[in-house]
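Please read the structure below before turning to the comments.
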Amino acid sequence: MPAPKTAPPKKEEKPAAAAPAAAPVEGAAPAKKAEKGKREKKHKEEKGVKAMYKVEGEKISRARPTCERCGPGYFMADHHDRFTCGHCGFTRYKQK
Ligand SMILES: [Zn+2]
């Protein structure tokens, strides 16, 4: 069978969004980025100093305890069962 010269080149089309989300593979990471064309960001809780305080009217309250070793100004990280200080490593377990 003679192939015509004017035959268009074969295009290999990649199936879009074919990878299941159940098993993340290392090679799938860049492909995921390309899919993420939209600029939709889920508004999670903002982090930073803001997250440490709650503003109620003209008063503020601290959302996390401060480190007992380092003193005020050193907030402790809020884990599910404990607070830890990132500065000195002090850990205080939450009481139930
Ligand atoms: Zn500390």
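Chain labels follow the order of the structure tokens: the first chain is A, the next B, and so on; residue numbering restarts at 1 in every chain, and ligands are counted from 1 in their shown order.
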
* To do: Would you mind listing the residues within 8 Å of ligand 1, counting only C-alpha atoms and all ligand atoms, as a ChimeraX atom specification?
  => /A:66-71,74-76,84-90

* To do: Can you pull out every residue within 8 Å of Ala63 of chain A, counting only C-alpha atoms, but drop anything in the same chain fewer than 4 positions away, and send it as a PyMOL selection string?
  => chain A and resi 51-54

Neighbouring residues of Arg82 of chain A were defined as those with any atom within 9 Å, considering only C-alpha atoms; residues of the same chain fewer than 6 positions away were excluded. Please report them as a short mmCIF file (atom, residue, chain, number, x, y, z; two decimals) with all heavy atoms, in the first residue's frame.
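Saved as result-v6.cif:
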data_model
loop_
_atom_site.label_atom_id
_atom_site.label_comp_id
_atom_site.auth_asym_id
_atom_site.auth_seq_id
_atom_site.Cartn_x
_atom_site.Cartn_y
_atom_site.Cartn_z
N THR A 91 7.39 21.35 74.69
CA THR A 91 6.11 20.73 74.32
C THR A 91 5.18 20.72 75.51
O THR A 91 5.58 20.34 76.62
CB THR A 91 6.33 19.30 73.83
OG1 THR A 91 7.27 19.30 72.76
CG2 THR A 91 5.03 18.69 73.33
N ARG A 92 3.95 21.14 75.28
CA ARG A 92 2.94 21.04 76.34
C ARG A 92 1.76 20.27 75.77
O ARG A 92 1.22 20.65 74.73
CB ARG A 92 2.51 22.45 76.75
CG ARG A 92 1.30 22.44 77.65
CD ARG A 92 1.33 23.62 78.59
NE ARG A 92 2.48 23.54 79.51
CZ ARG A 92 2.38 23.20 80.79
NH1 ARG A 92 1.20 22.90 81.29
NH2 ARG A 92 3.44 23.18 81.56
N TYR A 93 1.44 19.20 76.43
CA TYR A 93 0.34 18.37 75.94
C TYR A 93 -0.98 18.96 76.35
O TYR A 93 -1.11 19.51 77.44
CB TYR A 93 0.50 16.93 76.45
CG TYR A 93 1.57 16.20 75.71
CD1 TYR A 93 2.88 16.23 76.13
CD2 TYR A 93 1.26 15.52 74.54
CE1 TYR A 93 3.88 15.59 75.41
CE2 TYR A 93 2.24 14.87 73.83
CZ TYR A 93 3.55 14.92 74.27
OH TYR A 93 4.52 14.27 73.55
N LYS A 94 -1.92 18.83 75.46
CA LYS A 94 -3.26 19.34 75.74
C LYS A 94 -3.95 18.45 76.75
O LYS A 94 -3.88 17.22 76.66
CB LYS A 94 -4.10 19.41 74.46
CG LYS A 94 -3.62 20.47 73.51
CD LYS A 94 -4.41 20.44 72.24
CE LYS A 94 -3.85 21.44 71.25
NZ LYS A 94 -4.53 21.38 69.95
N GLN A 95 -4.64 19.07 77.67
CA GLN A 95 -5.37 18.31 78.67
C GLN A 95 -6.81 18.19 78.23
O GLN A 95 -7.40 19.13 77.73
CB GLN A 95 -5.28 19.02 80.03
CG GLN A 95 -3.90 18.86 80.64
CD GLN A 95 -3.53 20.03 81.50
OE1 GLN A 95 -4.30 20.95 81.66
NE2 GLN A 95 -2.32 19.98 82.02
#

* List every residue of segment 47-85 of chain A that DSSP, applied to the backbone, labels as strand (DSSP E or B), and write the result as a list of chain:residue names. => A:Tyr53, A:Lys54, A:Val55, A:Glu56, A:Lys59, A:Ile60, A:Ser61, A:Arg62, A:Thr66, A:Cys67, A:Gly71, A:Pro72, A:Gly73, A:Tyr74, A:Phe75, A:Met76, A:Ala77, A:Asp78, A:Arg82, A:Phe83, A:Thr84, A:Cys85
